[in-house]
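*Asks:* My structure file run25.json, JSON, C-alpha atoms and all ligand atoms, is below:
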```
[["chain", "number", "residue", "atom", "x", "y", "z"],
["A", 135, "MET", "CA", 0.00, 0.00, 0.00],
["A", 136, "THR", "CA", 1.53, 3.29, -1.10],
["A", 137, "GLY", "CA", 0.54, 6.89, -0.38],
["A", 138, "ILE", "CA", -2.75, 5.89, 1.21],
["A", 139, "ASN", "CA", -5.10, 8.74, 2.17],
["A", 140, "VAL", "CA", -8.46, 8.17, 3.82],
["A", 141, "ALA", "CA", -10.92, 10.92, 4.74],
["A", 142, "PHE", "CA", -14.13, 10.30, 6.67],
["A", 143, "GLY", "CA", -16.22, 13.36, 5.98],
["A", 144, "GLY", "CA", -13.80, 16.17, 6.75],
["A", 145, "VAL", "CA", -11.60, 14.07, 9.04],
["A", 146, "LEU", "CA", -8.32, 12.76, 7.68],
["A", 147, "ALA", "CA", -8.01, 9.29, 9.15],
["A", 148, "LEU", "CA", -4.86, 8.49, 7.14],
["A", 149, "THR", "CA", -2.42, 10.86, 5.46],
["A", 150, "ASP", "CA", 0.08, 9.50, 2.95],
["A", 151, "VAL", "CA", 0.72, 6.18, 4.65],
["A", 152, "SER", "CA", 2.78, 3.49, 2.93],
["A", 153, "VAL", "CA", 3.15, -0.06, 4.20],
["A", 154, "THR", "CA", 4.69, -3.00, 2.38],
["A", 155, "VAL", "CA", 4.37, -6.45, 3.88],
["A", 156, "GLU", "CA", 7.33, -8.44, 2.60],
["A", 157, "PRO", "CA", 6.86, -12.12, 1.76],
["A", 158, "GLY", "CA", 7.43, -14.40, 4.75],
["A", 159, "GLN", "CA", 7.54, -11.53, 7.23],
["A", 160, "VAL", "CA", 5.38, -10.32, 10.08],
["A", 161, "HIS", "CA", 4.70, -6.60, 9.68],
["A", 162, "GLY", "CA", 3.42, -4.86, 12.79],
["A", 163, "LEU", "CA", 1.18, -1.81, 12.79],
["A", 164, "ILE", "CA", 1.13, 0.08, 16.06],
["A", 165, "GLY", "CA", 0.11, 3.48, 17.38],
["A", 166, "PRO", "CA", -2.00, 5.14, 20.05],
["A", 167, "ASN", "CA", -5.79, 4.92, 20.00],
["A", 168, "GLY", "CA", -7.30, 6.71, 17.02],
["A", 169, "ALA", "CA", -3.99, 6.55, 15.12],
["A", 170, "GLY", "CA", -5.64, 4.97, 12.09],
["A", 171, "LYS", "CA", -4.58, 1.34, 12.53],
["A", 172, "THR", "CA", -8.01, -0.20, 11.98],
["A", 173, "THR", "CA", -8.64, 2.15, 9.06],
["A", 174, "LEU", "CA", -5.44, 1.00, 7.34],
["A", 175, "PHE", "CA", -6.30, -2.61, 8.15],
["A", 176, "ASN", "CA", -9.72, -2.06, 6.56],
["A", 177, "VAL", "CA", -8.08, -0.59, 3.47],
["A", 178, "ALA", "CA", -5.97, -3.76, 3.24],
["A", 179, "CYS", "CA", -9.08, -5.94, 3.32],
["A", 180, "GLY", "CA", -11.22, -3.80, 1.03],
["A", 181, "LEU", "CA", -13.66, -2.60, 3.69],
["A", 182, "VAL", "CA", -12.53, 1.02, 3.37],
["A", 183, "ARG", "CA", -11.83, 2.55, -0.02],
["A", 184, "PRO", "CA", -8.90, 4.97, 0.18],
["A", 185, "THR", "CA", -9.49, 8.52, -1.03],
["A", 186, "SER", "CA", -6.21, 8.15, -2.90],
["A", 187, "GLY", "CA", -3.21, 5.85, -2.96],
["A", 188, "ARG", "CA", -2.18, 2.55, -4.53],
["A", 189, "ILE", "CA", -2.71, -1.02, -3.39],
["A", 190, "VAL", "CA", -0.49, -3.55, -5.09],
["A", 191, "TRP", "CA", -0.91, -7.26, -4.45],
["A", 192, "ARG", "CA", 1.11, -10.01, -6.15],
["A", 193, "GLY", "CA", 2.59, -7.34, -8.43],
["A", 194, "GLU", "CA", -0.79, -6.14, -9.63],
["A", 195, "GLU", "CA", -2.53, -2.90, -8.76],
["A", 196, "MET", "CA", -5.88, -3.56, -7.09],
["A", 197, "ARG", "CA", -8.27, -0.94, -8.37],
["A", 198, "ARG", "CA", -11.19, -2.26, -6.38],
["A", 199, "LEU", "CA", -10.30, -4.56, -3.54],
["A", 200, "GLN", "CA", -13.51, -6.37, -2.66],
["A", 201, "PRO", "CA", -13.88, -8.04, 0.73],
["A", 202, "SER", "CA", -15.80, -10.92, -0.87],
["A", 203, "LYS", "CA", -12.85, -11.69, -3.17],
["A", 204, "LEU", "CA", -10.17, -11.73, -0.48],
["A", 205, "THR", "CA", -10.05, -15.50, -0.01],
["A", 206, "SER", "CA", -9.67, -16.11, -3.72],
["A", 207, "LEU", "CA", -6.84, -13.54, -3.77],
["A", 208, "GLY", "CA", -5.02, -15.53, -1.09],
["A", 209, "ILE", "CA", -5.75, -13.07, 1.71],
["A", 210, "ALA", "CA", -7.43, -13.97, 5.01],
["A", 211, "ARG", "CA", -8.26, -11.83, 8.01],
["A", 212, "THR", "CA", -9.57, -11.87, 11.52],
["A", 213, "LEU", "CA", -11.39, -8.80, 12.74],
["A", 214, "GLN", "CA", -11.18, -6.96, 16.04],
["A", 215, "GLY", "CA", -13.40, -9.14, 18.25],
["A", 216, "VAL", "CA", -14.39, -12.58, 17.02],
["A", 217, "GLY", "CA", -17.11, -12.55, 14.36],
["A", 218, "LEU", "CA", -18.04, -16.25, 14.24],
["A", 219, "PHE", "CA", -21.45, -17.32, 12.93],
["A", 220, "PRO", "CA", -23.47, -18.22, 16.04],
["A", 221, "GLY", "CA", -25.83, -20.60, 14.24],
["A", 222, "MET", "CA", -23.02, -22.79, 12.90],
["A", 223, "THR", "CA", -20.84, -25.25, 14.77],
["A", 224, "VAL", "CA", -17.14, -24.53, 15.22],
["A", 225, "LEU", "CA", -16.32, -26.98, 12.43],
["A", 226, "GLU", "CA", -18.83, -25.39, 10.04],
["A", 227, "ASN", "CA", -17.46, -21.95, 10.83],
["A", 228, "VAL", "CA", -13.97, -23.09, 9.89],
["A", 229, "MET", "CA", -15.25, -24.87, 6.76],
["A", 230, "VAL", "CA", -16.71, -21.58, 5.56],
["A", 231, "GLY", "CA", -13.24, -20.05, 5.77],
["A", 232, "ALA", "CA", -11.81, -22.89, 3.69],
["A", 233, "HIS", "CA", -13.98, -22.16, 0.72],
["A", 234, "ARG", "CA", -12.02, -20.40, -2.01],
["A", 235, "HIS", "CA", -14.93, -18.16, -2.86],
["A", 236, "ALA", "CA", -16.33, -17.73, 0.61],
["A", 237, "ARG", "CA", -18.07, -14.41, 1.02],
["A", 238, "ALA", "CA", -18.44, -12.12, 3.95],
["A", 239, "GLY", "CA", -22.12, -12.55, 4.81],
["A", 240, "PHE", "CA", -23.89, -15.39, 6.57],
["A", 241, "PHE", "CA", -26.22, -16.29, 3.70],
["A", 242, "SER", "CA", -23.54, -16.17, 1.05],
["A", 243, "ALA", "CA", -21.46, -18.31, 3.40],
["A", 244, "LEU", "CA", -24.19, -20.93, 3.37],
["A", 245, "VAL", "CA", -24.42, -20.75, -0.40],
["A", 246, "ALA", "CA", -20.65, -21.12, -0.60],
["A", 247, "LEU", "CA", -20.62, -24.47, 1.19],
["A", 248, "PRO", "CA", -19.81, -27.30, -1.21],
["A", 249, "THR", "CA", -22.43, -29.53, -2.71],
["A", 250, "SER", "CA", -20.63, -32.77, -3.49],
["A", 251, "ASP", "CA", -19.92, -35.33, -0.77],
["A", 252, "LYS", "CA", -16.27, -35.57, -1.77],
["A", 253, "ASP", "CA", -15.72, -31.80, -1.60],
["A", 254, "GLU", "CA", -17.48, -31.73, 1.71],
["A", 255, "ARG", "CA", -15.27, -34.51, 3.10],
["A", 256, "LEU", "CA", -12.04, -32.82, 1.94],
["A", 257, "LEU", "CA", -13.16, -29.51, 3.34],
["A", 258, "ARG", "CA", -14.08, -31.14, 6.63],
["A", 259, "GLU", "CA", -10.62, -32.72, 6.84],
["A", 260, "ARG", "CA", -8.87, -29.43, 6.14],
["A", 261, "ALA", "CA", -11.01, -27.65, 8.70],
["A", 262, "MET", "CA", -10.19, -30.31, 11.29],
["A", 263, "ARG", "CA", -6.47, -29.93, 10.55],
["A", 264, "ALA", "CA", -6.72, -26.18, 11.07],
["A", 265, "LEU", "CA", -8.59, -26.68, 14.34],
["A", 266, "THR", "CA", -5.94, -29.17, 15.43],
["A", 267, "GLU", "CA", -3.17, -26.68, 14.66],
["A", 268, "LEU", "CA", -4.97, -24.21, 16.92],
["A", 269, "ASN", "CA", -5.47, -26.89, 19.58],
["A", 270, "ALA", "CA", -9.25, -26.53, 19.29],
["A", 271, "GLU", "CA", -10.26, -29.79, 17.60],
["A", 272, "ARG", "CA", -12.20, -30.97, 20.64],
["A", 273, "TYR", "CA", -14.66, -28.07, 20.18],
["A", 274, "ALA", "CA", -15.54, -28.99, 16.57],
["A", 275, "GLY", "CA", -19.14, -29.89, 17.30],
["A", 276, "ARG", "CA", -19.84, -27.03, 19.70],
["A", 277, "TYR", "CA", -21.51, -23.70, 18.97],
["A", 278, "PRO", "CA", -19.29, -20.62, 19.36],
["A", 279, "GLY", "CA", -21.55, -18.96, 21.93],
["A", 280, "SER", "CA", -20.99, -21.81, 24.38],
["A", 281, "LEU", "CA", -17.18, -21.42, 24.36],
["A", 282, "PRO", "CA", -14.83, -19.18, 26.36],
["A", 283, "TYR", "CA", -13.67, -16.06, 24.51],
["A", 284, "PRO", "CA", -10.03, -17.17, 24.04],
["A", 285, "VAL", "CA", -11.26, -20.42, 22.44],
["A", 286, "GLN", "CA", -13.54, -18.45, 20.12],
["A", 287, "LYS", "CA", -10.52, -16.41, 19.08],
["A", 288, "ARG", "CA", -8.58, -19.57, 18.27],
["A", 289, "VAL", "CA", -11.49, -20.78, 16.15],
["A", 290, "ALA", "CA", -11.61, -17.45, 14.30],
["A", 291, "LEU", "CA", -7.89, -17.82, 13.61],
["A", 292, "ALA", "CA", -8.41, -21.40, 12.40],
["A", 293, "ARG", "CA", -11.06, -20.08, 10.02],
["A", 294, "ALA", "CA", -8.56, -17.57, 8.64],
["A", 295, "LEU", "CA", -5.74, -20.12, 8.35],
["A", 296, "VAL", "CA", -7.73, -22.89, 6.72],
["A", 297, "SER", "CA", -7.72, -21.24, 3.29],
["A", 298, "GLU", "CA", -3.88, -21.33, 3.41],
["A", 299, "PRO", "CA", -3.63, -17.61, 2.60],
["A", 300, "GLU", "CA", -0.46, -15.93, 1.35],
["A", 301, "LEU", "CA", -1.27, -12.93, 3.51],
["A", 302, "LEU", "CA", -2.91, -13.08, 6.92],
["A", 303, "LEU", "CA", -4.37, -9.85, 8.32],
["A", 304, "LEU", "CA", -4.84, -9.75, 12.10],
["A", 305, "ASP", "CA", -6.56, -6.87, 13.92],
["A", 306, "GLU", "CA", -5.76, -6.93, 17.65],
["A", 307, "PRO", "CA", -5.62, -10.73, 17.94],
["A", 308, "ALA", "CA", -4.32, -10.57, 21.52],
["A", 309, "SER", "CA", -7.17, -8.52, 22.96],
["A", 310, "GLY", "CA", -8.82, -10.34, 25.83],
["A", 311, "LEU", "CA", -6.09, -12.97, 26.06],
["A", 312, "SER", "CA", -4.09, -13.89, 29.16],
["A", 313, "GLU", "CA", -0.31, -13.67, 29.26],
["A", 314, "ASP", "CA", 0.06, -17.40, 28.50],
["A", 315, "GLU", "CA", -2.45, -17.29, 25.68],
["A", 316, "MET", "CA", -0.66, -14.28, 24.22],
["A", 317, "ASN", "CA", 2.65, -16.16, 24.31],
["A", 318, "GLU", "CA", 1.02, -19.09, 22.51],
["A", 319, "LEU", "CA", -0.40, -16.69, 19.93],
["A", 320, "GLY", "CA", 3.07, -15.22, 19.39],
["A", 321, "GLU", "CA", 4.51, -18.70, 18.80],
["A", 322, "LEU", "CA", 1.67, -19.54, 16.47],
["A", 323, "ILE", "CA", 2.23, -16.39, 14.41],
["A", 324, "ARG", "CA", 5.95, -17.19, 14.14],
["A", 325, "SER", "CA", 5.12, -20.76, 13.14],
["A", 326, "VAL", "CA", 2.88, -19.71, 10.22],
["A", 327, "VAL", "CA", 5.25, -17.12, 8.68],
["A", 328, "GLY", "CA", 7.07, -19.89, 6.84],
["A", 329, "ARG", "CA", 3.87, -20.34, 4.85],
["A", 330, "MET", "CA", 2.50, -16.79, 4.68],
["A", 331, "SER", "CA", 3.08, -13.11, 5.45],
["A", 332, "VAL", "CA", 1.28, -11.44, 8.32],
["A", 333, "LEU", "CA", 0.06, -7.88, 8.92],
["A", 334, "LEU", "CA", -0.41, -7.56, 12.66],
["A", 335, "VAL", "CA", -2.34, -4.66, 14.20],
["A", 336, "GLU", "CA", -1.76, -4.82, 17.92],
["A", 337, "HIS", "CA", -1.26, -2.62, 20.93],
["A", 338, "HIS", "CA", 0.44, -5.19, 23.14],
["A", 339, "MET", "CA", 3.96, -3.93, 22.66],
["A", 340, "ASP", "CA", 5.81, -6.94, 23.98],
["A", 341, "LEU", "CA", 3.99, -9.18, 21.51],
["A", 342, "VAL", "CA", 4.64, -6.80, 18.61],
["A", 343, "MET", "CA", 8.31, -6.41, 19.51],
["A", 344, "ARG", "CA", 8.75, -10.17, 19.81],
["A", 345, "VAL", "CA", 7.02, -11.42, 16.68],
["A", 346, "CYS", "CA", 7.43, -8.66, 14.09],
["A", 347, "ASP", "CA", 10.19, -8.39, 11.51],
["A", 348, "ARG", "CA", 9.25, -4.81, 10.71],
["A", 349, "ILE", "CA", 6.99, -2.26, 12.34],
["A", 350, "THR", "CA", 5.17, 0.84, 11.12],
["A", 351, "VAL", "CA", 4.08, 3.35, 13.75],
["A", 352, "LEU", "CA", 1.07, 5.58, 13.12],
["A", 353, "ASP", "CA", -0.02, 8.62, 15.09],
["A", 354, "SER", "CA", -3.01, 10.81, 14.18],
["A", 355, "GLY", "CA", -3.22, 9.17, 10.76],
["A", 356, "LYS", "CA", 0.43, 9.80, 9.90],
["A", 357, "GLN", "CA", 3.37, 7.47, 9.74],
["A", 358, "ILE", "CA", 5.82, 8.63, 12.40],
["A", 359, "ALA", "CA", 8.32, 5.76, 12.34],
["A", 360, "ALA", "CA", 9.13, 2.51, 10.59],
["A", 361, "GLY", "CA", 11.82, -0.11, 10.90],
["A", 362, "THR", "CA", 12.87, -3.14, 12.88],
["A", 363, "PRO", "CA", 11.53, -3.55, 16.43],
["A", 364, "ALA", "CA", 14.84, -2.27, 17.83],
["A", 365, "GLU", "CA", 14.86, 0.79, 15.55],
["A", 366, "VAL", "CA", 11.27, 1.67, 16.36],
["A", 367, "GLN", "CA", 11.78, 1.17, 20.07],
["A", 368, "ALA", "CA", 14.74, 3.55, 20.02],
["A", 369, "ASP", "CA", 12.91, 6.22, 18.02],
["A", 370, "PRO", "CA", 12.16, 9.31, 20.12],
["A", 371, "ALA", "CA", 9.12, 10.17, 17.95],
["A", 372, "VAL", "CA", 7.53, 6.90, 19.04],
["A", 373, "THR", "CA", 8.11, 7.44, 22.73],
["A", 374, "GLU", "CA", 6.74, 10.95, 22.37],
["A", 375, "ALA", "CA", 3.58, 9.75, 20.62],
["A", 376, "TYR", "CA", 2.89, 7.28, 23.39],
["A", 377, "LEU", "CA", 3.63, 9.85, 26.07],
["A", 378, "GLY", "CA", 1.21, 12.25, 24.43],
["A", 379, "ASP", "CA", -1.39, 9.49, 24.44],
["A", 380, "ALA", "CA", -0.95, 8.67, 28.09],
["A", 381, "VAL", "CA", -4.06, 9.17, 30.18],
["A", 382, "GLU", "CA", -2.51, 7.68, 33.27],
["A", 383, "PRO", "CA", 1.15, 8.06, 34.23],
["A", 384, "GLY", "CA", 1.74, 4.29, 33.80],
["A", 385, "ASP", "CA", 0.77, 4.34, 30.13],
["A", 386, "ALA", "CA", 4.15, 5.70, 29.11],
["A", 387, "ASP", "CA", 5.58, 2.27, 29.92],
["A", 388, "GLU", "CA", 3.57, 0.65, 27.13],
["A", 389, "LEU", "CA", 6.62, 0.28, 24.93],
["A", 390, "THR", "CA", 8.46, -1.98, 27.29],
["A", 391, "HIS", "CA", 5.98, -3.54, 29.67],
["A", 392, "ALA", "CA", 4.17, -6.78, 29.09],
["A", 393, "ASP", "CA", 0.74, -5.67, 30.19],
["A", 394, "GLY", "CA", 0.69, -2.27, 28.49],
["A", 395, "GLY", "CA", -2.73, -1.28, 27.27],
["A", 396, "ARG", "CA", -4.45, -4.59, 27.97],
["A", 397, "ASN", "CA", -7.46, -2.89, 29.45],
["A", 398, "HIS", "CA", -8.42, -0.62, 26.62],
["A", 399, "ALA", "CA", -9.06, -3.41, 24.13],
["B", 1, "LIG", "N1", -16.20, 4.96, 9.82],
["B", 1, "LIG", "C1", -15.67, 6.09, 10.31],
["B", 1, "LIG", "N2", -16.27, 7.30, 10.17],
["B", 1, "LIG", "C2", -15.71, 8.42, 10.65],
["B", 1, "LIG", "N3", -14.53, 8.48, 11.30],
["B", 1, "LIG", "C3", -13.89, 7.32, 11.50],
["B", 1, "LIG", "C4", -14.41, 6.06, 11.02],
["B", 1, "LIG", "N4", -13.54, 5.08, 11.36],
["B", 1, "LIG", "C5", -12.52, 5.69, 12.02],
["B", 1, "LIG", "N5", -12.72, 7.02, 12.09],
["B", 1, "LIG", "C6", -11.78, 8.00, 12.69],
["B", 1, "LIG", "O1", -10.53, 7.78, 12.08],
["B", 1, "LIG", "C7", -9.48, 7.89, 13.05],
["B", 1, "LIG", "C8", -8.69, 6.60, 13.10],
["B", 1, "LIG", "O2", -9.48, 5.56, 13.67],
["B", 1, "LIG", "P1", -9.02, 4.04, 13.74],
["B", 1, "LIG", "O3", -8.49, 3.63, 12.43],
["B", 1, "LIG", "O4", -10.15, 3.26, 14.30],
["B", 1, "LIG", "O5", -7.83, 4.11, 14.81],
["B", 1, "LIG", "P2", -7.11, 2.95, 15.66],
["B", 1, "LIG", "O6", -7.56, 1.63, 15.15],
["B", 1, "LIG", "O7", -5.66, 3.21, 15.48],
["B", 1, "LIG", "O8", -7.51, 3.18, 17.09],
["B", 1, "LIG", "C9", -10.16, 8.24, 14.36],
["B", 1, "LIG", "O9", -10.10, 9.65, 14.49],
["B", 1, "LIG", "C10", -11.57, 7.76, 14.17],
["B", 1, "LIG", "O10", -12.44, 8.54, 14.95],
["B", 2, "MG", "MG", -8.49, -0.15, 16.10]]
```
Show me, as structure tokens, the structure contained in the file I just sent.
Ligand SMILES: Nc1ncnc2c1ncn2[C@@H]1O[C@H](COP(=O)(O)OP(=O)(O)O)[C@@H](O)[C@H]1O
Ligand SMILES: [Mg+2]
*Replies:*
Amino acid sequence: MTGINVAFGGVLALTDVSVTVEPGQVHGLIGPNGAGKTTLFNVACGLVRPTSGRIVWRGEEMRRLQPSKLTSLGIARTLQGVGLFPGMTVLENVMVGAHRHARAGFFSALVALPTSDKDERLLRERAMRALTELNAERYAGRYPGSLPYPVQKRVALARALVSEPELLLLDEPASGLSEDEMNELGELIRSVVGRMSVLLVEHHMDLVMRVCDRITVLDSGKQIAAGTPAEVQADPAVTEAYLGDAVEPGDADELTHADGGRNHA
């Protein structure tokens, strides 16, 4: 994404932001609340159309990036929160993600389910493998609403992974997770980068610093820093942005402390 501008009404949510996720890398997107992280994430998944700027994917400029075409483009995402279909079992939810042409809505998701028994069986097997990778296979027959939040998040991630995307987009995947669960998530992200690239929007700094190869820092819709975790951590502009954001004195420690920002998910 190059030179991305987004205006909502008169408000500039993003001004001239450029982010390139390199193949096989985890690219982190961080910044204080309201910085524009979710907006940029939504540009990357076609939910927000930039006012101007270029989106290039697999060497081709995407003139209209449509959310319903993401899976067939080799891109998968999880949204802030969970977003599972409550009327489907865990396994069915993951199967929907496996479908190459799966669409965003519930009804199109139903339509997208395969018709032949053989397709159905293969899809089921792939979905079970994804659930197993996320250590959630024992919940296959359950309904999402009956499961603890961290398990629902694992299922949502399995649904994103099952299509074997080339690019995985994650918006605040660690929100609501315990320290241990966050560590597991970090390991999982590192374990999938061999197979895909990841764009990670996250405000848990320790996770971002640990798993990202490169980081872009946004503040008030502008890019204020970019580089390796060490470079970004040492950048005075970054510290300043987080200090300016601090509501409580402790917030300034967000860059180095494990539990920074957990409560404003
Ligand atoms: N749909 C929208 N309509 C109007 N303003 C929006 C919309 N979405 C986000 N904004 C504004 O854009 C800015 C960036 O928001 P957002 O991308 O959600 O930030 P972040 O995810 O970094 O907290 C904020 O000022 C927010 O109020
Ligand atoms: Mg956000």
*Asks:* Could you please give me, as a PyMOL selection string, the residues of protein, DNA or RNA lying at most 12 Å from (-3.7, -27.3, 13.6) in the coordinate frame of the file, considering all atoms listed in the file?
*Replies:* chain A and resi 228+259-272+288-289+291-296+298+322+325-326
*Asks:* To check your reading of the model: which residues sit at most 9 Å from ligand MG 2 (chain B) when counting all atoms listed in the file? Write the answer as number ranges by chain.
*Replies:* A: 167-173, 175, 214, 305-306, 335-336, 399
*Asks:* Let me know the centre plus edge lengths, in Å and rounded to one decimal, of a box with edges along x, y and z that contains all listed atoms of stretch 268-287 of chain A and is padded by 3 Å on every side, as AutoDock Vina command-line options.
*Replies:*
```
--center_x -13.3 --center_y -23.5 --center_z 21.5 --size_x 22.6 --size_y 20.9 --size_z 15.8
```
*Asks:* Determine, using only C-alpha atoms and all ligand atoms, which residues of chain A have any atom at most 12 Å from an atom of ligand LIG 1 (chain B), and tabulate each with its shortest atom pair and distance in Å to one decimal place, rows ordered by chain and then rising number, as JSON lines.
*Replies:*
```
{"residue": "A:Asn139", "atom": "CA", "partner": "B:LIG1", "partner_atom": "O1", "distance": 11.3}
{"residue": "A:Val140", "atom": "CA", "partner": "B:LIG1", "partner_atom": "O1", "distance": 8.5}
{"residue": "A:Ala141", "atom": "CA", "partner": "B:LIG1", "partner_atom": "N3", "distance": 7.9}
{"residue": "A:Phe142", "atom": "CA", "partner": "B:LIG1", "partner_atom": "C2", "distance": 4.7}
{"residue": "A:Gly143", "atom": "CA", "partner": "B:LIG1", "partner_atom": "C2", "distance": 6.8}
{"residue": "A:Gly144", "atom": "CA", "partner": "B:LIG1", "partner_atom": "C2", "distance": 8.9}
{"residue": "A:Val145", "atom": "CA", "partner": "B:LIG1", "partner_atom": "N3", "distance": 6.7}
{"residue": "A:Leu146", "atom": "CA", "partner": "B:LIG1", "partner_atom": "O1", "distance": 7.0}
{"residue": "A:Ala147", "atom": "CA", "partner": "B:LIG1", "partner_atom": "O1", "distance": 4.1}
{"residue": "A:Leu148", "atom": "CA", "partner": "B:LIG1", "partner_atom": "C8", "distance": 7.3}
{"residue": "A:Thr149", "atom": "CA", "partner": "B:LIG1", "partner_atom": "C8", "distance": 10.8}
{"residue": "A:Leu163", "atom": "CA", "partner": "B:LIG1", "partner_atom": "O7", "distance": 8.9}
{"residue": "A:Ile164", "atom": "CA", "partner": "B:LIG1", "partner_atom": "O7", "distance": 7.5}
{"residue": "A:Gly165", "atom": "CA", "partner": "B:LIG1", "partner_atom": "O7", "distance": 6.1}
{"residue": "A:Pro166", "atom": "CA", "partner": "B:LIG1", "partner_atom": "O7", "distance": 6.2}
{"residue": "A:Asn167", "atom": "CA", "partner": "B:LIG1", "partner_atom": "O8", "distance": 3.8}
{"residue": "A:Gly168", "atom": "CA", "partner": "B:LIG1", "partner_atom": "O5", "distance": 3.5}
{"residue": "A:Ala169", "atom": "CA", "partner": "B:LIG1", "partner_atom": "O7", "distance": 3.8}
{"residue": "A:Gly170", "atom": "CA", "partner": "B:LIG1", "partner_atom": "O3", "distance": 3.2}
{"residue": "A:Lys171", "atom": "CA", "partner": "B:LIG1", "partner_atom": "O7", "distance": 3.7}
{"residue": "A:Thr172", "atom": "CA", "partner": "B:LIG1", "partner_atom": "O6", "distance": 3.7}
{"residue": "A:Thr173", "atom": "CA", "partner": "B:LIG1", "partner_atom": "O3", "distance": 3.7}
{"residue": "A:Leu174", "atom": "CA", "partner": "B:LIG1", "partner_atom": "O3", "distance": 6.5}
{"residue": "A:Phe175", "atom": "CA", "partner": "B:LIG1", "partner_atom": "O3", "distance": 7.9}
{"residue": "A:Asn176", "atom": "CA", "partner": "B:LIG1", "partner_atom": "O3", "distance": 8.3}
{"residue": "A:Val177", "atom": "CA", "partner": "B:LIG1", "partner_atom": "O3", "distance": 9.9}
{"residue": "A:Leu181", "atom": "CA", "partner": "B:LIG1", "partner_atom": "N1", "distance": 10.1}
{"residue": "A:Val182", "atom": "CA", "partner": "B:LIG1", "partner_atom": "N1", "distance": 8.4}
{"residue": "A:Arg183", "atom": "CA", "partner": "B:LIG1", "partner_atom": "N1", "distance": 11.0}
{"residue": "A:Leu213", "atom": "CA", "partner": "B:LIG1", "partner_atom": "O6", "distance": 11.4}
{"residue": "A:Gln214", "atom": "CA", "partner": "B:LIG1", "partner_atom": "O6", "distance": 9.4}
{"residue": "A:Asp305", "atom": "CA", "partner": "B:LIG1", "partner_atom": "O6", "distance": 8.6}
{"residue": "A:Glu306", "atom": "CA", "partner": "B:LIG1", "partner_atom": "O6", "distance": 9.1}
{"residue": "A:Leu334", "atom": "CA", "partner": "B:LIG1", "partner_atom": "O6", "distance": 11.9}
{"residue": "A:Val335", "atom": "CA", "partner": "B:LIG1", "partner_atom": "O6", "distance": 8.2}
{"residue": "A:Glu336", "atom": "CA", "partner": "B:LIG1", "partner_atom": "O6", "distance": 9.1}
{"residue": "A:His337", "atom": "CA", "partner": "B:LIG1", "partner_atom": "O7", "distance": 9.1}
{"residue": "A:Thr350", "atom": "CA", "partner": "B:LIG1", "partner_atom": "O7", "distance": 11.9}
{"residue": "A:Val351", "atom": "CA", "partner": "B:LIG1", "partner_atom": "O7", "distance": 9.9}
{"residue": "A:Leu352", "atom": "CA", "partner": "B:LIG1", "partner_atom": "O7", "distance": 7.5}
{"residue": "A:Asp353", "atom": "CA", "partner": "B:LIG1", "partner_atom": "O7", "distance": 7.8}
{"residue": "A:Ser354", "atom": "CA", "partner": "B:LIG1", "partner_atom": "C8", "distance": 7.2}
{"residue": "A:Gly355", "atom": "CA", "partner": "B:LIG1", "partner_atom": "C8", "distance": 6.5}
{"residue": "A:Lys356", "atom": "CA", "partner": "B:LIG1", "partner_atom": "C8", "distance": 10.2}
{"residue": "A:Gln357", "atom": "CA", "partner": "B:LIG1", "partner_atom": "O7", "distance": 11.5}
{"residue": "A:Asp379", "atom": "CA", "partner": "B:LIG1", "partner_atom": "O8", "distance": 11.5}
{"residue": "A:His398", "atom": "CA", "partner": "B:LIG1", "partner_atom": "O8", "distance": 10.3}
{"residue": "A:Ala399", "atom": "CA", "partner": "B:LIG1", "partner_atom": "O8", "distance": 9.8}
```
*Asks:* Could you save those same residues with C-alpha atoms as a CSV table (one decimal), keeping the file's coordinate frame?
*Replies:*
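Done, and the output landed in again25.csv:
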```csv
chain,number,residue,atom,x,y,z
A,139,ASN,CA,-5.1,8.7,2.2
A,140,VAL,CA,-8.5,8.2,3.8
A,141,ALA,CA,-10.9,10.9,4.7
A,142,PHE,CA,-14.1,10.3,6.7
A,143,GLY,CA,-16.2,13.4,6.0
A,144,GLY,CA,-13.8,16.2,6.8
A,145,VAL,CA,-11.6,14.1,9.0
A,146,LEU,CA,-8.3,12.8,7.7
A,147,ALA,CA,-8.0,9.3,9.2
A,148,LEU,CA,-4.9,8.5,7.1
A,149,THR,CA,-2.4,10.9,5.5
A,163,LEU,CA,1.2,-1.8,12.8
A,164,ILE,CA,1.1,0.1,16.1
A,165,GLY,CA,0.1,3.5,17.4
A,166,PRO,CA,-2.0,5.1,20.0
A,167,ASN,CA,-5.8,4.9,20.0
A,168,GLY,CA,-7.3,6.7,17.0
A,169,ALA,CA,-4.0,6.6,15.1
A,170,GLY,CA,-5.6,5.0,12.1
A,171,LYS,CA,-4.6,1.3,12.5
A,172,THR,CA,-8.0,-0.2,12.0
A,173,THR,CA,-8.6,2.2,9.1
A,174,LEU,CA,-5.4,1.0,7.3
A,175,PHE,CA,-6.3,-2.6,8.2
A,176,ASN,CA,-9.7,-2.1,6.6
A,177,VAL,CA,-8.1,-0.6,3.5
A,181,LEU,CA,-13.7,-2.6,3.7
A,182,VAL,CA,-12.5,1.0,3.4
A,183,ARG,CA,-11.8,2.6,0.0
A,213,LEU,CA,-11.4,-8.8,12.7
A,214,GLN,CA,-11.2,-7.0,16.0
A,305,ASP,CA,-6.6,-6.9,13.9
A,306,GLU,CA,-5.8,-6.9,17.6
A,334,LEU,CA,-0.4,-7.6,12.7
A,335,VAL,CA,-2.3,-4.7,14.2
A,336,GLU,CA,-1.8,-4.8,17.9
A,337,HIS,CA,-1.3,-2.6,20.9
A,350,THR,CA,5.2,0.8,11.1
A,351,VAL,CA,4.1,3.4,13.8
A,352,LEU,CA,1.1,5.6,13.1
A,353,ASP,CA,0.0,8.6,15.1
A,354,SER,CA,-3.0,10.8,14.2
A,355,GLY,CA,-3.2,9.2,10.8
A,356,LYS,CA,0.4,9.8,9.9
A,357,GLN,CA,3.4,7.5,9.7
A,379,ASP,CA,-1.4,9.5,24.4
A,398,HIS,CA,-8.4,-0.6,26.6
A,399,ALA,CA,-9.1,-3.4,24.1
```
